[in-house]
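Notes to accompany the following structure.
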Number of protein chains: 2
Amino acid sequence: MATGHIPEATVARLPVYLRSLTELAAAGDATTSSDVLAERAGVNPAKVRKDLSYLGTHGTRGVGYDVRHLTFEVSRALGVANTWPVVVCGLGNLGRALAKHTGFTERGFPVVAAVDIDPAITGTTVDDVPVHSPDQIAELVAAHGVAIGVIATPGNAAQETADLLVAAGVRSILDFSSTVVTVPDHVEVRTVDLSTELQILGFHLHQDLPPEVGKTP
Amino acid sequence: MATGHIPEATVARLPVYLRSLTELAAAGDATTSSDVLAERAGVNPAKVRKDLSYLGTHGTRGVGYDVRHLTFEVSRALGVANTWPVVVCGLGNLGRALAKHTGFTERGFPVVAAVDIDPAITGTTVDDVPVHSPDQIAELVAAHGVAIGVIATPGNAAQETADLLVAAGVRSILDFSSTVVTVPDHVEVRTVDLSTELQILGFHLHQDLPPEVGKTP
DNA sequence: GTGCGCTTGTGAAAACGTTCACGAATTCCG
DNA sequence: CGGAATTCGTGAACGTTTTCACAAGCGCAC
Ligand SMILES: NC(=O)c1ccc[n+]([C@@H]2O[C@H](COP(=O)([O-])OP(=O)(O)OC[C@H]3O[C@@H](n4cnc5c(N)ncnc54)[C@H](O)[C@@H]3O)[C@@H](O)[C@H]2O)c1
Ligand SMILES: NC(=O)c1ccc[n+]([C@@H]2O[C@H](COP(=O)([O-])OP(=O)(O)OC[C@H]3O[C@@H](n4cnc5c(N)ncnc54)[C@H](O)[C@@H]3O)[C@@H](O)[C@H]2O)c1
């Protein structure tokens, strides 16, 4: 067993389990079960057990999981002991919200700097986050050891921003810009597209109910 | 064939294709191919063809796809002709960014109202979006025909907000609160958890490189 | 110590999603 | 007109993810 390869789908759920474990610990529970974790995470209990089994054998049959120990193991698998500094690119409505959010720092992702093309805001700070101009990305990344870049610029500036981040040595990008950015293989991009999320909800609303009059019956 | 059941994974990609098609049309292209669409969407060409085949047979062998016609078909499948009014709950950093975002309205998801518990901002407007108190959710939903609720409150208010939305008749929820909310079967919830996204990126950073010597250096 | 009830860990099956590979339809050109 | 070049549509192979189902291990009662 040991900690071999962990499936992507499992990795995406580990943070949810970790949050549940933290809550359970705060509530004073010393042990828990796959049923309880499943309930809190909104998934199937068998899935919880299989997911956790990829981290090794950390439960006790007939008893369940020790909350403290499992918290430690999930944390280790996720590597939450590390701190990964983040730079936010594009300080508009969304970038500002991200820069002000305190939850990221708590989880090991401090926003150490922001970048914007607007000369009216470069040189200022937003909640202690200094705002620089895009041509300083390389320096910022080097100075703070930034590994993750967040793109919150308009879509038409997304690719060039990604290029700057990649050239500066960033290895992970979180892209909010509703565009598909192209990067070298060694860089991972995750896209969060809020319009698409709404469109998916819209699709199901549209499907569920209306017989859609006027088409061919 | 016809428009039977469309797989979830395909539905999630249709908005991306639609965006590409819009850009191609704007660039003056009358026809396109699965290769071009795949390139723009960042996926495999075979996947594009399979996805589109769920909507019916709309391409021409040896030629490709007519941009206008395909745009129409994808739009129809997604139901983008519909307008689904949205109410944003919790007008903090994130809620404010969402309320101010103009892109949602353009795609058929106008933010018609916001809701916040803070009496200092209820009664005001944010970019023409009126801010009400949570006990008015039911009226707002009824008055505007709201089908989608966005939860941007702190985590500890998420479940009660979801309950209010559900009671008011909302059928879809987009939840940013990093909590798992429980709703009846007929309500769909999509969760967007930005911390989790960062943690997934962090996991891969952590995995890729470090042999993780001992413990603390 | 034996039995009973509980909960994990995990093979195996089922469901789902992706990719391949190729036949079919179309255009173009000589 | 015949053949080469395209490009779609799709069955089948492949890979991943979810779910099932049950043996194995543990604690407790007696
Ligand atoms: N605000 C939202 O709720 C929301 C929702 C969905 C998607 N988005 C997407 O997120 C992105 C940002 O949205 P927003 O509402 O914050 O937009 P915005 O227009 O408010 O802000 C964009 C910011 O990026 C800066 N910028 C422009 N070009 C730049 C460059 N080359 N380098 C660095 N900075 C640059 C601008 O000066 C501006 O401050 C957009 O792509 C938008 O489509 C936003
Ligand atoms: N800001 C971000 O970039 C960001 C990033 C990741 C996650 N989130 C999550 O999104 C949510 C909102 O984040 P934020 O930064 O906007 O927080 P915030 O504290 O700035 O805003 C929260 C708002 O919700 C309001 N509120 C509280 N209880 C309410 C209730 N019962 N009904 C209606 N409104 C209520 C508050 O008055 C406040 O205006 C949080 O759950 C946060 O964890 C935010």
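So you can find residues: chains in the structure tokens are A, B, ... in the order shown, residues in each start at 1, and ligands are numbered from 1 in order.
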* Could you tell me, counting only C-alpha atoms (C1' of nucleotides) and all ligand atoms, which protein and nucleic acid residues lie no more than 7 Å from ligand 1, written as a VMD selection string? => (chain A and resid 89 to 95 115 to 118 134 152 to 155 157 160 to 161 176 to 178 193 to 195) or (chain B and resid 97 to 101 103)
Those same residues - N, CA, C and O atoms - I'd like them written as a short mmCIF file (atom, residue, chain, number, x, y, z; two decimals), in the first residue's frame.
data_model
loop_
_atom_site.label_atom_id
_atom_site.label_comp_id
_atom_site.auth_asym_id
_atom_site.auth_seq_id
_atom_site.Cartn_x
_atom_site.Cartn_y
_atom_site.Cartn_z
N CYS A 89 -3.08 38.59 -10.33
CA CYS A 89 -2.91 39.48 -11.49
C CYS A 89 -4.25 40.03 -11.94
O CYS A 89 -5.15 39.26 -12.31
N GLY A 90 -4.37 41.34 -11.95
CA GLY A 90 -5.63 41.98 -12.30
C GLY A 90 -6.42 42.30 -11.04
O GLY A 90 -7.02 41.42 -10.44
N LEU A 91 -6.38 43.56 -10.62
CA LEU A 91 -7.03 43.91 -9.36
C LEU A 91 -8.32 44.66 -9.60
O LEU A 91 -8.52 45.78 -9.13
N GLY A 92 -9.20 44.06 -10.36
CA GLY A 92 -10.53 44.65 -10.55
C GLY A 92 -11.45 44.17 -9.46
O GLY A 92 -11.03 43.93 -8.33
N ASN A 93 -12.72 44.02 -9.79
CA ASN A 93 -13.69 43.58 -8.79
C ASN A 93 -13.30 42.27 -8.16
O ASN A 93 -13.28 42.12 -6.94
N LEU A 94 -12.98 41.32 -9.01
CA LEU A 94 -12.70 39.98 -8.52
C LEU A 94 -11.34 39.90 -7.84
O LEU A 94 -11.21 39.37 -6.74
N GLY A 95 -10.32 40.44 -8.49
CA GLY A 95 -8.97 40.40 -7.93
C GLY A 95 -8.93 41.04 -6.56
O GLY A 95 -8.25 40.55 -5.65
N VAL A 115 -0.81 42.55 -9.09
CA VAL A 115 -0.25 43.18 -10.27
C VAL A 115 -1.41 43.74 -11.09
O VAL A 115 -2.44 43.08 -11.23
N ASP A 116 -1.28 44.97 -11.55
CA ASP A 116 -2.34 45.54 -12.39
C ASP A 116 -1.70 46.51 -13.37
O ASP A 116 -0.67 47.13 -13.07
N ILE A 117 -2.34 46.66 -14.51
CA ILE A 117 -1.79 47.52 -15.55
C ILE A 117 -2.18 48.98 -15.35
O ILE A 117 -1.58 49.88 -15.94
N ASP A 118 -3.17 49.19 -14.47
CA ASP A 118 -3.69 50.55 -14.28
C ASP A 118 -2.73 51.36 -13.40
O ASP A 118 -2.55 51.08 -12.22
N PRO A 134 2.73 44.98 -14.18
CA PRO A 134 2.98 43.64 -14.73
C PRO A 134 4.44 43.38 -15.06
O PRO A 134 4.90 42.23 -14.96
N ALA A 152 -6.86 37.25 -12.86
CA ALA A 152 -8.18 37.88 -12.73
C ALA A 152 -8.22 39.14 -13.59
O ALA A 152 -8.83 40.14 -13.23
N THR A 153 -7.55 39.06 -14.70
CA THR A 153 -7.57 40.16 -15.67
C THR A 153 -8.72 39.94 -16.64
O THR A 153 -9.32 38.86 -16.65
N PRO A 154 -9.04 40.93 -17.48
CA PRO A 154 -9.99 40.66 -18.55
C PRO A 154 -9.45 39.54 -19.45
O PRO A 154 -8.23 39.31 -19.51
N GLY A 155 -10.35 38.88 -20.14
CA GLY A 155 -9.97 37.75 -20.98
C GLY A 155 -8.87 38.07 -21.98
O GLY A 155 -7.96 37.25 -22.19
N ALA A 157 -6.39 39.87 -21.79
CA ALA A 157 -5.04 40.01 -21.22
C ALA A 157 -4.58 38.72 -20.56
O ALA A 157 -3.46 38.65 -20.04
N GLU A 160 -1.35 36.82 -22.22
CA GLU A 160 -0.08 37.50 -22.00
C GLU A 160 0.31 37.48 -20.52
O GLU A 160 1.50 37.35 -20.18
N THR A 161 -0.68 37.55 -19.65
CA THR A 161 -0.39 37.46 -18.22
C THR A 161 0.15 36.07 -17.88
O THR A 161 1.12 35.93 -17.13
N PHE A 176 -9.34 32.76 -13.78
CA PHE A 176 -10.76 33.13 -13.67
C PHE A 176 -11.28 33.79 -14.93
O PHE A 176 -12.42 34.25 -14.96
N SER A 177 -10.45 33.84 -15.97
CA SER A 177 -10.75 34.77 -17.05
C SER A 177 -11.67 34.24 -18.15
O SER A 177 -11.85 34.90 -19.16
N SER A 178 -12.21 33.05 -18.02
CA SER A 178 -13.10 32.53 -19.06
C SER A 178 -12.40 32.36 -20.40
O SER A 178 -13.04 32.40 -21.44
N ASP A 193 -14.57 29.06 -14.09
CA ASP A 193 -15.35 29.91 -14.96
C ASP A 193 -16.77 30.02 -14.42
O ASP A 193 -17.59 29.12 -14.55
N LEU A 194 -17.04 31.17 -13.79
CA LEU A 194 -18.31 31.31 -13.09
C LEU A 194 -19.48 31.38 -14.05
O LEU A 194 -20.58 30.88 -13.75
N SER A 195 -19.27 31.97 -15.22
CA SER A 195 -20.34 32.01 -16.21
C SER A 195 -20.72 30.59 -16.64
O SER A 195 -21.89 30.26 -16.80
N ALA B 97 -18.25 41.73 -5.90
CA ALA B 97 -17.61 41.50 -7.21
C ALA B 97 -18.60 40.84 -8.16
O ALA B 97 -18.69 41.20 -9.34
N LEU B 98 -19.34 39.88 -7.66
CA LEU B 98 -20.30 39.17 -8.50
C LEU B 98 -21.41 40.11 -8.94
O LEU B 98 -21.83 40.11 -10.10
N ALA B 99 -21.90 40.92 -8.00
CA ALA B 99 -23.01 41.83 -8.32
C ALA B 99 -22.59 42.87 -9.36
O ALA B 99 -23.39 43.29 -10.20
N LYS B 100 -21.34 43.26 -9.32
CA LYS B 100 -20.86 44.28 -10.25
C LYS B 100 -20.49 43.73 -11.61
O LYS B 100 -20.32 44.48 -12.57
N HIS B 101 -20.33 42.44 -11.68
CA HIS B 101 -19.87 41.81 -12.93
C HIS B 101 -20.95 41.92 -14.00
O HIS B 101 -22.08 41.51 -13.81
N GLY B 103 -20.71 40.59 -17.05
CA GLY B 103 -20.73 39.44 -17.95
C GLY B 103 -21.89 38.49 -17.71
O GLY B 103 -22.34 37.82 -18.65
#
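Since chain A and chain B are the same sequence, their C-alpha atoms pair in order, and the RMSD after least-squares superposition is 1.4 Å.
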* To do: Give the residues of chain B that lie within 8 Å of chain D; count only C-alpha atoms (C1' of nucleotides), and format the answer as a PyMOL selection string.
  => chain B and resi 33+49-50+53+57+59-64
Could the residues in this selection be saved with C-alpha atoms as a PDB file, in the first residue's frame?
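Writing the result to again_30.pdb gives the following:
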ATOM      1  CA  SER B  33     -13.624  22.083 -37.869  1.00  0.00           C
ATOM      2  CA  ARG B  49     -16.939  15.551 -32.355  1.00  0.00           C
ATOM      3  CA  LYS B  50     -18.429  13.166 -29.825  1.00  0.00           C
ATOM      4  CA  SER B  53     -22.771  14.436 -31.933  1.00  0.00           C
ATOM      5  CA  THR B  57     -25.732  15.578 -36.791  1.00  0.00           C
ATOM      6  CA  GLY B  59     -21.472  18.874 -39.354  1.00  0.00           C
ATOM      7  CA  THR B  60     -20.657  18.061 -42.970  1.00  0.00           C
ATOM      8  CA  ARG B  61     -18.084  15.371 -43.703  1.00  0.00           C
ATOM      9  CA  GLY B  62     -15.122  16.619 -45.631  1.00  0.00           C
ATOM     10  CA  VAL B  63     -16.125  20.197 -44.811  1.00  0.00           C
ATOM     11  CA  GLY B  64     -16.602  20.818 -41.124  1.00  0.00           C
TER      12      GLY B  64
END
Please return, as a compact mmCIF listing (two decimals) with N, CA and C atoms (P, O5', C5', C4', C3', O3' and C1' of nucleotides), in the first residue's frame, all residues of chain C lying within 9 Å of chain A when only C-alpha atoms (C1' of nucleotides) are considered.
# COMPACT_ATOMS: atom_id res chain seq x y z
P DG C 5 -25.72 -9.58 17.11
O5' DG C 5 -25.45 -8.01 17.11
C5' DG C 5 -25.02 -7.34 18.30
C4' DG C 5 -24.05 -6.24 17.94
C3' DG C 5 -24.37 -5.53 16.60
O3' DG C 5 -24.19 -4.14 16.79
C1' DG C 5 -22.16 -6.30 16.57
P DC C 6 -24.71 -3.11 15.73
O5' DC C 6 -23.38 -2.32 15.37
C5' DC C 6 -22.52 -1.86 16.40
C4' DC C 6 -21.14 -1.64 15.81
C3' DC C 6 -21.16 -0.86 14.48
O3' DC C 6 -20.49 0.36 14.70
C1' DC C 6 -19.70 -2.76 14.39
P DT C 7 -20.50 1.51 13.56
O5' DT C 7 -19.16 1.21 12.79
C5' DT C 7 -17.91 1.39 13.45
C4' DT C 7 -16.82 1.07 12.46
C3' DT C 7 -17.00 1.72 11.09
O3' DT C 7 -15.76 2.25 10.67
C1' DT C 7 -16.72 -0.58 10.84
P DT C 8 -15.64 3.07 9.29
O5' DT C 8 -14.29 2.40 8.77
C5' DT C 8 -13.20 2.28 9.66
C4' DT C 8 -12.35 1.08 9.25
C3' DT C 8 -11.65 1.27 7.92
O3' DT C 8 -10.26 1.01 8.08
C1' DT C 8 -12.89 -0.77 7.95
P DG C 9 -9.24 1.55 6.98
O5' DG C 9 -9.22 0.31 5.98
C5' DG C 9 -8.59 -0.87 6.39
C4' DG C 9 -8.64 -1.88 5.25
C3' DG C 9 -8.13 -1.35 3.91
O3' DG C 9 -7.35 -2.40 3.35
C1' DG C 9 -10.34 -2.15 3.65
P DT C 10 -6.59 -2.23 2.00
O5' DT C 10 -7.56 -3.01 0.99
C5' DT C 10 -7.75 -4.40 1.14
C4' DT C 10 -8.72 -4.84 0.06
C3' DT C 10 -8.43 -4.26 -1.32
O3' DT C 10 -8.63 -5.29 -2.26
C1' DT C 10 -10.64 -3.87 -0.80
* Just list the residues in range 17-177 of chain A DSSP gives strand (DSSP E or B) on the backbone, as JSON, numbers by chain. => {"A": [31, 32, 59, 60, 64, 65, 66, 86, 87, 88, 89, 111, 112, 113, 114, 115, 125, 126, 129, 130, 131, 132, 148, 149, 150, 151, 172, 173, 174, 175]}
Just C-alpha atoms for this one: save the residues we selected as a PDB file, in the first residue's frame.
ATOM      1  CA  THR A  31     -12.997   9.452  16.627  1.00  0.00           C
ATOM      2  CA  THR A  32     -15.284   9.373  13.628  1.00  0.00           C
ATOM      3  CA  GLY A  59      -8.658   3.452  10.405  1.00  0.00           C
ATOM      4  CA  THR A  60      -9.517   0.774  12.909  1.00  0.00           C
ATOM      5  CA  GLY A  64     -13.532   4.120  12.905  1.00  0.00           C
ATOM      6  CA  TYR A  65     -10.892   6.798  12.403  1.00  0.00           C
ATOM      7  CA  ASP A  66      -8.986   8.729  15.021  1.00  0.00           C
ATOM      8  CA  VAL A  86       0.386  33.641  -4.453  1.00  0.00           C
ATOM      9  CA  VAL A  87       0.392  36.637  -6.757  1.00  0.00           C
ATOM     10  CA  VAL A  88      -2.948  37.983  -8.004  1.00  0.00           C
ATOM     11  CA  CYS A  89      -2.906  39.478 -11.488  1.00  0.00           C
ATOM     12  CA  VAL A 111      -1.365  36.685  -1.347  1.00  0.00           C
ATOM     13  CA  VAL A 112       2.018  38.370  -1.222  1.00  0.00           C
ATOM     14  CA  ALA A 113       1.519  40.771  -4.107  1.00  0.00           C
ATOM     15  CA  ALA A 114      -0.868  41.930  -6.787  1.00  0.00           C
ATOM     16  CA  VAL A 115      -0.253  43.182 -10.272  1.00  0.00           C
ATOM     17  CA  THR A 125      -1.739  48.639  -1.304  1.00  0.00           C
ATOM     18  CA  VAL A 126      -4.993  46.778  -0.867  1.00  0.00           C
ATOM     19  CA  VAL A 129      -1.104  43.617  -0.443  1.00  0.00           C
ATOM     20  CA  PRO A 130       1.198  45.816  -2.539  1.00  0.00           C
ATOM     21  CA  VAL A 131       0.125  46.477  -6.109  1.00  0.00           C
ATOM     22  CA  HIS A 132       2.824  46.428  -8.768  1.00  0.00           C
ATOM     23  CA  ILE A 148       1.050  30.102  -7.898  1.00  0.00           C
ATOM     24  CA  GLY A 149      -0.342  32.879 -10.062  1.00  0.00           C
ATOM     25  CA  VAL A 150      -3.999  33.883 -10.138  1.00  0.00           C
ATOM     26  CA  ILE A 151      -5.321  35.464 -13.316  1.00  0.00           C
ATOM     27  CA  SER A 172       0.604  26.702 -11.187  1.00  0.00           C
ATOM     28  CA  ILE A 173      -2.065  29.049 -12.436  1.00  0.00           C
ATOM     29  CA  LEU A 174      -5.633  29.581 -11.297  1.00  0.00           C
ATOM     30  CA  ASP A 175      -7.474  31.268 -14.144  1.00  0.00           C
TER      31      ASP A 175
END
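Residues with any atom within 10 Å of Arg171 in chain B, counting only C-alpha atoms (C1' of nucleotides) and excluding same-chain neighbours fewer than 4 positions away, are Leu201, His204 and Leu205 of chain A; Val146, Ala147, Ile148, Gly149, Leu165, Val166, Ala167, Val183, Pro184, Asp185, His186, Val187, Glu188 and Val189 of chain B.
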* To do: Taking the DSSP assignment computed from this structure's backbone, write out as a ChimeraX atom specification all residues of range 14-63 of chain B that belong to helix (DSSP H, G or I).
  => /B:14-26,34-41,45-53
Counting only C-alpha atoms, chain A residues within 7 Å of chain B, as a compact mmCIF listing (two decimals) with N, CA and C atoms, in the first residue's frame:
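In the end it all went to part_24.txt:
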# COMPACT_ATOMS: atom_id res chain seq x y z
N VAL A 11 -7.95 13.40 -4.82
CA VAL A 11 -7.25 14.61 -4.41
C VAL A 11 -8.24 15.77 -4.26
N ALA A 12 -9.18 15.86 -5.17
CA ALA A 12 -10.13 16.96 -5.14
C ALA A 12 -11.07 16.88 -3.93
N PRO A 15 -9.45 17.94 0.45
CA PRO A 15 -9.66 19.19 1.20
C PRO A 15 -11.02 19.23 1.89
N ARG A 40 -21.00 14.56 6.05
CA ARG A 40 -20.51 15.95 6.04
C ARG A 40 -19.98 16.37 4.68
N ALA A 41 -19.38 15.44 3.98
CA ALA A 41 -18.77 15.79 2.69
C ALA A 41 -19.79 15.68 1.56
N GLY A 42 -20.96 15.13 1.89
CA GLY A 42 -21.99 14.98 0.87
C GLY A 42 -21.65 13.92 -0.17
N LEU A 78 -1.84 16.06 1.44
CA LEU A 78 -2.07 17.30 0.68
C LEU A 78 -0.86 18.23 0.72
N GLY A 79 0.03 17.98 1.65
CA GLY A 79 1.18 18.86 1.78
C GLY A 79 0.83 20.21 2.35
N ASN A 93 -12.72 44.02 -9.79
CA ASN A 93 -13.69 43.58 -8.79
C ASN A 93 -13.30 42.27 -8.16
N LEU A 94 -12.98 41.32 -9.01
CA LEU A 94 -12.70 39.98 -8.52
C LEU A 94 -11.34 39.90 -7.84
N ALA A 97 -11.41 41.23 -4.41
CA ALA A 97 -12.05 40.32 -3.46
C ALA A 97 -11.09 39.21 -3.04
N PHE A 104 -7.36 32.50 2.49
CA PHE A 104 -6.28 31.88 1.72
C PHE A 104 -5.00 31.77 2.56
N SER A 172 2.04 26.97 -11.28
CA SER A 172 0.60 26.70 -11.19
C SER A 172 -0.17 27.99 -11.41
N VAL A 180 -9.21 29.99 -22.43
CA VAL A 180 -8.32 28.86 -22.33
C VAL A 180 -6.91 29.36 -22.56
N SER A 195 -19.27 31.97 -15.22
CA SER A 195 -20.34 32.01 -16.21
C SER A 195 -20.72 30.59 -16.64
N THR A 196 -19.71 29.76 -16.82
CA THR A 196 -19.97 28.38 -17.20
C THR A 196 -20.75 27.65 -16.12
N ILE A 200 -24.33 25.89 -16.73
CA ILE A 200 -24.64 24.49 -16.44
C ILE A 200 -25.93 24.41 -15.61
N LEU A 201 -26.05 25.28 -14.63
CA LEU A 201 -27.29 25.33 -13.86
C LEU A 201 -28.46 25.68 -14.78
N PHE A 203 -28.73 25.12 -17.94
CA PHE A 203 -29.04 23.97 -18.79
C PHE A 203 -30.01 23.04 -18.11
N HIS A 206 -33.48 24.50 -17.80
CA HIS A 206 -34.07 24.48 -19.12
C HIS A 206 -34.54 23.07 -19.49
